[in-house]
>>> print(open('data14.txt').read())   # compact mmCIF, C-alpha atoms
# COMPACT_ATOMS: atom_id res chain seq x y z
CA MET I 1 104.25 -25.97 94.49
CA ASN I 2 104.85 -22.53 95.96
CA ILE I 3 107.92 -22.02 98.12
CA GLN I 4 107.74 -19.67 101.08
CA ILE I 5 110.94 -18.03 102.33
CA ASN I 6 111.16 -16.66 105.86
CA SER I 7 113.64 -13.82 106.35
CA LEU I 8 114.57 -12.49 109.80
CA THR I 9 117.53 -10.15 109.51
CA ASN I 10 117.42 -7.61 112.32
CA ALA I 11 116.19 -7.04 115.86
CA ASN I 12 115.99 -4.58 118.70
CA ILE I 13 116.96 -5.45 122.27
CA TYR I 14 115.19 -4.29 125.41
CA ILE I 15 116.42 -4.66 128.98
CA ASP I 16 113.85 -4.07 131.71
CA GLY I 17 111.58 -2.44 129.13
CA VAL I 18 114.19 0.06 127.92
CA GLY I 19 114.91 -0.11 124.19
CA LEU I 20 118.56 -0.31 123.22
CA LEU I 21 118.16 0.48 119.54
CA GLY I 22 121.62 0.61 117.94
CA ARG I 23 123.55 -0.13 121.15
CA ALA I 24 124.05 -3.85 120.54
CA GLU I 25 125.80 -5.38 117.54
CA GLU I 26 124.44 -8.89 118.07
CA ILE I 27 122.62 -11.06 120.56
CA GLU I 28 122.84 -14.82 120.93
CA ILE I 29 119.45 -15.99 122.16
CA ALA I 30 119.18 -18.68 124.82
CA ASN I 31 117.24 -21.71 123.55
CA PRO I 32 116.57 -24.86 125.56
CA LYS I 33 119.29 -27.39 124.75
CA HIS I 34 118.45 -30.96 125.66
CA LYS I 35 120.80 -32.80 128.01
CA MET I 36 121.17 -36.35 126.79
CA ILE I 37 122.65 -39.40 128.51
CA ASP I 38 123.93 -42.60 126.96
CA TYR I 39 122.13 -45.80 127.84
CA LYS I 40 123.59 -49.20 127.14
CA GLY I 41 122.70 -52.52 128.60
CA LEU I 42 123.59 -56.17 128.33
CA GLY I 43 122.13 -57.72 125.21
CA MET I 44 121.77 -54.40 123.39
CA ALA I 45 123.62 -54.21 120.08
CA GLY I 46 124.01 -50.45 120.39
CA THR I 47 123.74 -47.45 122.63
CA ALA I 48 120.71 -45.16 122.93
CA GLU I 49 120.61 -41.52 123.90
CA LEU I 50 117.89 -40.62 126.37
CA TRP I 51 116.60 -37.22 127.46
CA ALA I 52 117.79 -36.26 130.95
CA GLY I 53 116.85 -32.59 131.25
CA VAL I 54 117.82 -29.20 129.89
CA GLU I 55 121.31 -27.70 129.87
CA LYS I 56 121.92 -24.39 131.62
CA LEU I 57 120.99 -21.48 129.39
CA GLU I 58 123.19 -18.54 128.42
CA SER I 59 122.72 -15.55 126.20
CA LYS I 60 125.48 -13.31 124.86
CA ILE I 61 125.16 -9.67 123.90
CA LYS I 62 127.91 -8.02 121.90
CA TRP I 63 127.73 -4.26 122.40
CA SER I 64 128.43 -1.96 119.47
CA SER I 65 130.03 0.74 121.59
CA PHE I 66 131.07 1.61 125.12
CA ASP I 67 127.84 2.16 127.09
CA ALA I 68 128.27 3.14 130.75
CA ASP I 69 124.54 2.72 131.52
CA THR I 70 124.51 -0.89 130.30
CA LEU I 71 127.81 -1.66 132.05
CA ALA I 72 126.40 -0.34 135.34
CA MET I 73 123.26 -2.45 134.87
CA SER I 74 125.34 -5.57 134.22
CA ALA I 75 127.66 -5.20 137.22
CA SER I 76 125.46 -6.88 139.86
CA PRO I 77 125.28 -10.69 139.93
CA PHE I 78 122.12 -10.52 142.08
CA GLN I 79 119.89 -8.22 140.01
CA THR I 80 117.55 -10.12 137.69
CA HIS I 81 116.69 -8.43 134.40
CA SER I 82 114.02 -8.92 131.75
CA PHE I 83 115.43 -9.19 128.24
CA GLN I 84 113.47 -8.93 125.04
CA ALA I 85 114.60 -9.24 121.44
CA ARG I 86 112.04 -8.17 118.83
CA GLY I 87 112.34 -8.79 115.12
CA ASN I 88 110.32 -8.49 111.93
CA LEU I 89 109.88 -11.83 110.10
CA GLU I 90 109.27 -11.22 106.41
CA GLN I 91 107.68 -13.97 104.34
CA TYR I 92 108.28 -14.15 100.58
CA THR I 93 106.76 -16.23 97.81
CA SER I 94 106.88 -15.91 94.03
CA GLN I 95 104.38 -13.07 94.52
CA GLY I 96 106.91 -11.02 96.53
CA ARG I 97 106.69 -10.16 100.22
CA THR I 98 103.43 -11.65 101.45
CA ALA I 99 103.60 -11.04 105.22
CA GLN I 100 105.49 -9.34 108.03
CA LEU I 101 105.17 -11.06 111.40
CA PRO I 102 106.49 -10.10 114.84
CA VAL I 103 109.09 -12.38 116.42
CA VAL I 104 109.55 -11.87 120.16
CA TYR I 105 112.06 -13.60 122.43
CA LEU I 106 111.54 -13.05 126.15
CA MET I 107 114.24 -13.97 128.65
CA THR I 108 114.83 -13.42 132.36
CA GLY I 109 118.25 -13.79 133.92
CA ILE I 110 121.29 -12.24 135.53
CA PHE I 111 124.48 -10.91 134.04
CA LYS I 112 127.17 -13.55 134.56
CA ASP I 113 129.92 -11.49 132.96
CA ALA I 114 129.54 -7.79 132.20
CA GLY I 115 132.34 -8.10 129.66
CA SER I 116 135.79 -6.60 129.51
CA PRO I 117 136.22 -3.80 127.00
CA THR I 118 138.68 -4.48 124.19
CA PHE I 119 140.59 -1.41 123.04
CA ARG I 120 142.11 -1.17 119.54
CA GLN I 121 143.58 1.80 117.76
CA HIS I 122 141.10 3.54 115.45
CA ARG I 123 138.28 1.12 116.31
CA MET I 124 135.22 1.21 118.53
CA VAL I 125 135.59 -0.45 121.92
CA GLU I 126 134.04 -3.93 121.91
CA THR I 127 132.38 -5.58 124.90
CA THR I 128 130.43 -8.82 125.15
CA SER I 129 128.20 -9.59 128.13
CA VAL I 130 127.15 -13.10 129.15
CA VAL I 131 123.76 -13.62 130.80
CA SER I 132 122.59 -16.70 132.75
CA ILE I 133 119.00 -17.28 131.67
CA TYR I 134 116.37 -18.76 133.99
CA HIS I 135 113.25 -18.22 131.87
CA CYS I 136 112.83 -17.95 128.10
CA GLU I 137 109.96 -17.82 125.64
CA LEU I 138 109.63 -17.48 121.88
CA PHE I 139 106.57 -16.05 120.11
CA VAL I 140 106.01 -15.82 116.35
CA ALA I 141 102.97 -13.80 115.23
CA GLY I 142 101.65 -13.95 118.79
CA VAL I 143 101.81 -17.77 118.95
CA GLN I 144 104.02 -19.25 121.67
CA ILE I 145 106.57 -21.65 120.17
CA TYR I 146 108.15 -22.63 123.48
CA LEU I 147 108.44 -21.61 127.12
CA TYR I 148 111.10 -22.86 129.51
CA ASP I 149 111.51 -21.91 133.19
CA VAL I 150 114.16 -23.77 135.19
CA PHE I 151 112.89 -22.75 138.65
CA ALA I 152 109.22 -23.52 137.92
CA ASN I 153 110.05 -26.83 136.19
CA ILE I 154 108.01 -25.76 133.17
CA TYR I 155 108.81 -26.66 129.58
CA VAL I 156 106.02 -26.03 127.07
CA VAL I 157 106.54 -26.73 123.34
CA GLY I 158 103.81 -25.89 120.86
CA GLY I 159 101.26 -25.58 123.68
CA VAL I 160 102.07 -29.00 125.16
CA ASP I 161 103.50 -29.10 128.70
CA GLN I 162 106.45 -31.49 128.38
CA LEU I 163 106.95 -31.82 132.16
CA SER I 164 103.39 -32.07 133.53
CA THR I 165 103.65 -35.81 134.32
CA PHE I 166 107.18 -35.34 135.67
CA ARG I 167 105.99 -32.60 138.07
CA SER I 168 103.01 -34.75 139.09
CA ASN I 169 105.22 -37.78 139.76
CA LEU I 170 107.48 -35.63 141.95
CA GLY I 171 104.45 -34.44 143.91
CA GLY I 172 104.57 -30.84 142.75
>>> encode(input="data14.txt", output="structure tokens")
Amino acid sequence: MNIQINSLTNANIYIDGVGLLGRAEEIEIANPKHKMIDYKGLGMAGTAELWAGVEKLESKIKWSSFDADTLAMSASPFQTHSFQARGNLEQYTSQGRTAQLPVVYLMTGIFKDAGSPTFRQHRMVETTSVVSIYHCELFVAGVQIYLYDVFANIYVVGGVDQLSTFRSNLGG
């Protein structure tokens, strides 16, 4: 039995196609989170959780320094931006590093909160922006893992459209 370890330890962020290498300290990627409701009925010994949709999506970007260009970009609540986070997934086995694969997160959304700078003596200014995400996708080695778009009512996981019957039943 050969164990494979996947290691993803770094990334670069792009906003509207512009690389921000070194400008961000961390990014919290928006992933579809399932909204569940409790169902209980007479005669049932327990309660079941049922899928009811997808929670609103947010991403957070913690900036590594004060960046006037990024702050200006994040000031408008009406300007949609394309976000991309790209990483290098390294795979290891007992034979050492066996592969390096691209990991690409694509997101579209608007800045909800540009972030308020925090000033401290002898330290870099810290700012964290919050982004409301409307569309997100994840690709590993060119293969789409998921795609979610709230306005198009699309949710694809592993190539399977999770909402095709739902859209059909609604007439759209």
>>> closest_atom_pairs(input="data14.txt", of="region 74-109 of chain I", to="region 121-142 of chain I", cutoff="8 Å", atoms="all atoms listed in the file", output="tab-separated table")
residue	atom	partner	partner_atom	distance
I:Ser74	CA	I:Ser129	CA	7.8
I:Leu101	CA	I:Ala141	CA	5.2
I:Pro102	CA	I:Ala141	CA	5.1
I:Val103	CA	I:Val140	CA	4.6
I:Val104	CA	I:Phe139	CA	5.1
I:Tyr105	CA	I:Leu138	CA	4.6
I:Leu106	CA	I:Glu137	CA	5.1
I:Met107	CA	I:Cys136	CA	4.3
I:Thr108	CA	I:His135	CA	5.1
I:Gly109	CA	I:Ile133	CA	4.2
>>> write_last_selection(input="data14.txt", atoms="C-alpha atoms", output="compact mmCIF listing (two decimals), keeping the file's coordinate frame")
# COMPACT_ATOMS: atom_id res chain seq x y z
CA SER I 74 125.34 -5.57 134.22
CA LEU I 101 105.17 -11.06 111.40
CA PRO I 102 106.49 -10.10 114.84
CA VAL I 103 109.09 -12.38 116.42
CA VAL I 104 109.55 -11.87 120.16
CA TYR I 105 112.06 -13.60 122.43
CA LEU I 106 111.54 -13.05 126.15
CA MET I 107 114.24 -13.97 128.65
CA THR I 108 114.83 -13.42 132.36
CA GLY I 109 118.25 -13.79 133.92
>>> atom_distance(input="data14.txt", atom1="CA of Gln79 (chain I)", atom2="CA of Gly22 (chain I)")
23.8 Å
>>> closest_residue(input="data14.txt", among="I:Ser59, I:Ser64, I:Thr93, I:Gln84", to="Ile3 (chain I)", atoms="all atoms listed in the file")
I:Thr93
>>> residues_near_point(input="data14.txt", point="(120.8, -9.3, 122.9)", cutoff="6 Å", atoms="all atoms listed in the file", output="PyMOL selection string")
chain I and resi 13+27+61
>>> write_last_selection(input="data14.txt", atoms="C-alpha atoms", output="short mmCIF file (atom, residue, chain, number, x, y, z; two decimals), keeping the file's coordinate frame")
data_model
loop_
_atom_site.label_atom_id
_atom_site.label_comp_id
_atom_site.auth_asym_id
_atom_site.auth_seq_id
_atom_site.Cartn_x
_atom_site.Cartn_y
_atom_site.Cartn_z
CA ILE I 13 116.96 -5.45 122.27
CA ILE I 27 122.62 -11.06 120.56
CA ILE I 61 125.16 -9.67 123.90
#
>>> atom_distance(input="data14.txt", atom1="CA of Asp67 (chain I)", atom2="CA of Thr9 (chain I)")
23.8 Å
>>> atom_distance(input="data14.txt", atom1="CA of Asp161 (chain I)", atom2="CA of Ala85 (chain I)")
23.9 Å
>>> closest_residue(input="data14.txt", among="I:Arg97, I:Lys56, I:Arg86, I:Lys35", to="Asn6 (chain I)", atoms="only C-alpha atoms")
I:Arg97
>>> residues_near_point(input="data14.txt", point="(130.8, -5.2, 134.6)", cutoff="12 Å", atoms="only C-alpha atoms", output="list in words")
Phe66, Asp67, Ala68, Asp69, Thr70, Leu71, Ala72, Met73, Ser74, Ala75, Ser76, Pro77, Ile110, Phe111, Lys112, Asp113, Ala114, Gly115, Ser116, Pro117, Thr127, Thr128, Ser129, Val130 and Val131 of chain I
>>> write_last_selection(input="data14.txt", atoms="C-alpha atoms", output="compact mmCIF listing (two decimals), in the coordinates of the input")
# COMPACT_ATOMS: atom_id res chain seq x y z
CA PHE I 66 131.07 1.61 125.12
CA ASP I 67 127.84 2.16 127.09
CA ALA I 68 128.27 3.14 130.75
CA ASP I 69 124.54 2.72 131.52
CA THR I 70 124.51 -0.89 130.30
CA LEU I 71 127.81 -1.66 132.05
CA ALA I 72 126.40 -0.34 135.34
CA MET I 73 123.26 -2.45 134.87
CA SER I 74 125.34 -5.57 134.22
CA ALA I 75 127.66 -5.20 137.22
CA SER I 76 125.46 -6.88 139.86
CA PRO I 77 125.28 -10.69 139.93
CA ILE I 110 121.29 -12.24 135.53
CA PHE I 111 124.48 -10.91 134.04
CA LYS I 112 127.17 -13.55 134.56
CA ASP I 113 129.92 -11.49 132.96
CA ALA I 114 129.54 -7.79 132.20
CA GLY I 115 132.34 -8.10 129.66
CA SER I 116 135.79 -6.60 129.51
CA PRO I 117 136.22 -3.80 127.00
CA THR I 127 132.38 -5.58 124.90
CA THR I 128 130.43 -8.82 125.15
CA SER I 129 128.20 -9.59 128.13
CA VAL I 130 127.15 -13.10 129.15
CA VAL I 131 123.76 -13.62 130.80
>>> residues_around(input="data14.txt", residues="Tyr92 (chain I)", least_positions_apart="5", cutoff="6 Å", atoms="only C-alpha atoms", output="list of chain:residue names")
I:Gln4, I:Ile5, I:Arg97, I:Thr98
>>> axis_aligned_box(input="data14.txt", around="region 117-134 of chain I", padding_each_side="4 Å", output="lines of an AutoDock Vina configuration file")
center_x = 130.0
center_y = -7.6
center_z = 124.7
size_x = 35.2
size_y = 30.3
size_z = 26.5
>>> closest_residue(input="data14.txt", among="I:Tyr39, I:Phe78, I:Trp63, I:Tyr155", to="Glu25 (chain I)", atoms="all atoms listed in the file")
I:Trp63
>>> closest_residue(input="data14.txt", among="I:Pro32, I:Gly172, I:Gly96, I:Gly41", to="Asp149 (chain I)", atoms="only C-alpha atoms")
I:Pro32
>>> closest_residue(input="data14.txt", among="I:Gly171, I:Asn88, I:Ser164, I:Phe119", to="Ser7 (chain I)", atoms="all atoms listed in the file")
I:Asn88
>>> residues_around(input="data14.txt", residues="region 50-54 of chain I", least_positions_apart="4", cutoff="12 Å", atoms="all atoms listed in the file", output="list of chain:residue names")
I:Ala30, I:Asn31, I:Pro32, I:Lys33, I:His34, I:Lys35, I:Met36, I:Ile37, I:Asp38, I:Tyr39, I:Lys40, I:Tyr134, I:Tyr148, I:Asp149, I:Val150, I:Phe151, I:Asn153, I:Ile154, I:Tyr155, I:Gln162, I:Leu163, I:Phe166
>>> write_last_selection(input="data14.txt", atoms="C-alpha atoms", output="PDB file, in the frame of the given file")
ATOM      1  CA  ALA I  30     119.180 -18.680 124.820  1.00  0.00           C
ATOM      2  CA  ASN I  31     117.240 -21.710 123.550  1.00  0.00           C
ATOM      3  CA  PRO I  32     116.570 -24.860 125.560  1.00  0.00           C
ATOM      4  CA  LYS I  33     119.290 -27.390 124.750  1.00  0.00           C
ATOM      5  CA  HIS I  34     118.450 -30.960 125.660  1.00  0.00           C
ATOM      6  CA  LYS I  35     120.800 -32.800 128.010  1.00  0.00           C
ATOM      7  CA  MET I  36     121.170 -36.350 126.790  1.00  0.00           C
ATOM      8  CA  ILE I  37     122.650 -39.400 128.510  1.00  0.00           C
ATOM      9  CA  ASP I  38     123.930 -42.600 126.960  1.00  0.00           C
ATOM     10  CA  TYR I  39     122.130 -45.800 127.840  1.00  0.00           C
ATOM     11  CA  LYS I  40     123.590 -49.200 127.140  1.00  0.00           C
ATOM     12  CA  TYR I 134     116.370 -18.760 133.990  1.00  0.00           C
ATOM     13  CA  TYR I 148     111.100 -22.860 129.510  1.00  0.00           C
ATOM     14  CA  ASP I 149     111.510 -21.910 133.190  1.00  0.00           C
ATOM     15  CA  VAL I 150     114.160 -23.770 135.190  1.00  0.00           C
ATOM     16  CA  PHE I 151     112.890 -22.750 138.650  1.00  0.00           C
ATOM     17  CA  ASN I 153     110.050 -26.830 136.190  1.00  0.00           C
ATOM     18  CA  ILE I 154     108.010 -25.760 133.170  1.00  0.00           C
ATOM     19  CA  TYR I 155     108.810 -26.660 129.580  1.00  0.00           C
ATOM     20  CA  GLN I 162     106.450 -31.490 128.380  1.00  0.00           C
ATOM     21  CA  LEU I 163     106.950 -31.820 132.160  1.00  0.00           C
ATOM     22  CA  PHE I 166     107.180 -35.340 135.670  1.00  0.00           C
TER      23      PHE I 166
END
>>> build_atoms(input="data14.txt", residues="region 42-53 of chain I", atoms="all heavy atoms", output="PDB file, in the frame of the given file")
ATOM      1  N   LEU I  42     123.241 -54.828 128.816  1.00  0.00           N
ATOM      2  CA  LEU I  42     123.590 -56.170 128.330  1.00  0.00           C
ATOM      3  C   LEU I  42     122.560 -56.631 127.320  1.00  0.00           C
ATOM      4  O   LEU I  42     121.355 -56.445 127.508  1.00  0.00           O
ATOM      5  CB  LEU I  42     123.665 -57.157 129.489  1.00  0.00           C
ATOM      6  CG  LEU I  42     124.821 -56.951 130.463  1.00  0.00           C
ATOM      7  CD1 LEU I  42     124.707 -57.922 131.634  1.00  0.00           C
ATOM      8  CD2 LEU I  42     126.149 -57.135 129.748  1.00  0.00           C
ATOM      9  N   GLY I  43     123.017 -57.202 126.240  1.00  0.00           N
ATOM     10  CA  GLY I  43     122.130 -57.720 125.210  1.00  0.00           C
ATOM     11  C   GLY I  43     121.770 -56.696 124.151  1.00  0.00           C
ATOM     12  O   GLY I  43     121.228 -57.060 123.115  1.00  0.00           O
ATOM     13  N   MET I  44     122.064 -55.413 124.397  1.00  0.00           N
ATOM     14  CA  MET I  44     121.770 -54.400 123.390  1.00  0.00           C
ATOM     15  C   MET I  44     122.917 -54.343 122.396  1.00  0.00           C
ATOM     16  O   MET I  44     124.084 -54.359 122.787  1.00  0.00           O
ATOM     17  CB  MET I  44     121.603 -53.015 124.032  1.00  0.00           C
ATOM     18  CG  MET I  44     120.351 -52.871 124.871  1.00  0.00           C
ATOM     19  SD  MET I  44     120.203 -51.240 125.640  1.00  0.00           S
ATOM     20  CE  MET I  44     119.993 -50.179 124.210  1.00  0.00           C
ATOM     21  N   ALA I  45     122.595 -54.264 121.123  1.00  0.00           N
ATOM     22  CA  ALA I  45     123.620 -54.210 120.080  1.00  0.00           C
ATOM     23  C   ALA I  45     124.218 -52.810 119.955  1.00  0.00           C
ATOM     24  O   ALA I  45     125.278 -52.639 119.379  1.00  0.00           O
ATOM     25  CB  ALA I  45     123.028 -54.629 118.741  1.00  0.00           C
ATOM     26  N   GLY I  46     123.540 -51.828 120.519  1.00  0.00           N
ATOM     27  CA  GLY I  46     124.010 -50.450 120.390  1.00  0.00           C
ATOM     28  C   GLY I  46     123.762 -49.662 121.659  1.00  0.00           C
ATOM     29  O   GLY I  46     123.409 -50.196 122.703  1.00  0.00           O
ATOM     30  N   THR I  47     123.943 -48.375 121.528  1.00  0.00           N
ATOM     31  CA  THR I  47     123.740 -47.450 122.630  1.00  0.00           C
ATOM     32  C   THR I  47     122.643 -46.469 122.237  1.00  0.00           C
ATOM     33  O   THR I  47     122.605 -46.015 121.090  1.00  0.00           O
ATOM     34  CB  THR I  47     125.047 -46.678 122.925  1.00  0.00           C
ATOM     35  OG1 THR I  47     126.075 -47.629 123.227  1.00  0.00           O
ATOM     36  CG2 THR I  47     124.885 -45.734 124.093  1.00  0.00           C
ATOM     37  N   ALA I  48     121.785 -46.128 123.179  1.00  0.00           N
ATOM     38  CA  ALA I  48     120.710 -45.160 122.930  1.00  0.00           C
ATOM     39  C   ALA I  48     120.971 -43.897 123.726  1.00  0.00           C
ATOM     40  O   ALA I  48     121.561 -43.944 124.812  1.00  0.00           O
ATOM     41  CB  ALA I  48     119.367 -45.758 123.337  1.00  0.00           C
ATOM     42  N   GLU I  49     120.563 -42.780 123.166  1.00  0.00           N
ATOM     43  CA  GLU I  49     120.610 -41.520 123.900  1.00  0.00           C
ATOM     44  C   GLU I  49     119.224 -41.227 124.439  1.00  0.00           C
ATOM     45  O   GLU I  49     118.237 -41.293 123.704  1.00  0.00           O
ATOM     46  CB  GLU I  49     121.042 -40.363 122.994  1.00  0.00           C
ATOM     47  CG  GLU I  49     122.520 -40.144 122.941  1.00  0.00           C
ATOM     48  CD  GLU I  49     122.885 -38.808 122.319  1.00  0.00           C
ATOM     49  OE1 GLU I  49     122.203 -38.385 121.366  1.00  0.00           O
ATOM     50  OE2 GLU I  49     123.845 -38.206 122.802  1.00  0.00           O
ATOM     51  N   LEU I  50     119.162 -40.901 125.717  1.00  0.00           N
ATOM     52  CA  LEU I  50     117.890 -40.620 126.370  1.00  0.00           C
ATOM     53  C   LEU I  50     117.899 -39.206 126.946  1.00  0.00           C
ATOM     54  O   LEU I  50     118.921 -38.732 127.429  1.00  0.00           O
ATOM     55  CB  LEU I  50     117.628 -41.629 127.497  1.00  0.00           C
ATOM     56  CG  LEU I  50     117.682 -43.101 127.104  1.00  0.00           C
ATOM     57  CD1 LEU I  50     117.550 -43.973 128.340  1.00  0.00           C
ATOM     58  CD2 LEU I  50     116.612 -43.422 126.081  1.00  0.00           C
ATOM     59  N   TRP I  51     116.736 -38.576 126.923  1.00  0.00           N
ATOM     60  CA  TRP I  51     116.600 -37.220 127.460  1.00  0.00           C
ATOM     61  C   TRP I  51     116.763 -37.248 128.964  1.00  0.00           C
ATOM     62  O   TRP I  51     116.215 -38.116 129.646  1.00  0.00           O
ATOM     63  CB  TRP I  51     115.216 -36.677 127.084  1.00  0.00           C
ATOM     64  CG  TRP I  51     115.012 -35.235 127.422  1.00  0.00           C
ATOM     65  CD1 TRP I  51     115.366 -34.173 126.662  1.00  0.00           C
ATOM     66  CD2 TRP I  51     114.407 -34.697 128.585  1.00  0.00           C
ATOM     67  NE1 TRP I  51     115.014 -32.997 127.275  1.00  0.00           N
ATOM     68  CE2 TRP I  51     114.414 -33.293 128.472  1.00  0.00           C
ATOM     69  CE3 TRP I  51     113.851 -35.255 129.732  1.00  0.00           C
ATOM     70  CZ2 TRP I  51     113.908 -32.443 129.444  1.00  0.00           C
ATOM     71  CZ3 TRP I  51     113.339 -34.413 130.703  1.00  0.00           C
ATOM     72  CH2 TRP I  51     113.367 -33.027 130.553  1.00  0.00           C
ATOM     73  N   ALA I  52     117.549 -36.295 129.510  1.00  0.00           N
ATOM     74  CA  ALA I  52     117.790 -36.260 130.950  1.00  0.00           C
ATOM     75  C   ALA I  52     117.557 -34.875 131.543  1.00  0.00           C
ATOM     76  O   ALA I  52     117.788 -34.669 132.728  1.00  0.00           O
ATOM     77  CB  ALA I  52     119.226 -36.705 131.248  1.00  0.00           C
ATOM     78  N   GLY I  53     117.100 -33.927 130.738  1.00  0.00           N
ATOM     79  CA  GLY I  53     116.850 -32.590 131.250  1.00  0.00           C
ATOM     80  C   GLY I  53     117.264 -31.535 130.236  1.00  0.00           C
ATOM     81  O   GLY I  53     117.407 -31.827 129.045  1.00  0.00           O
TER      82      GLY I  53
END
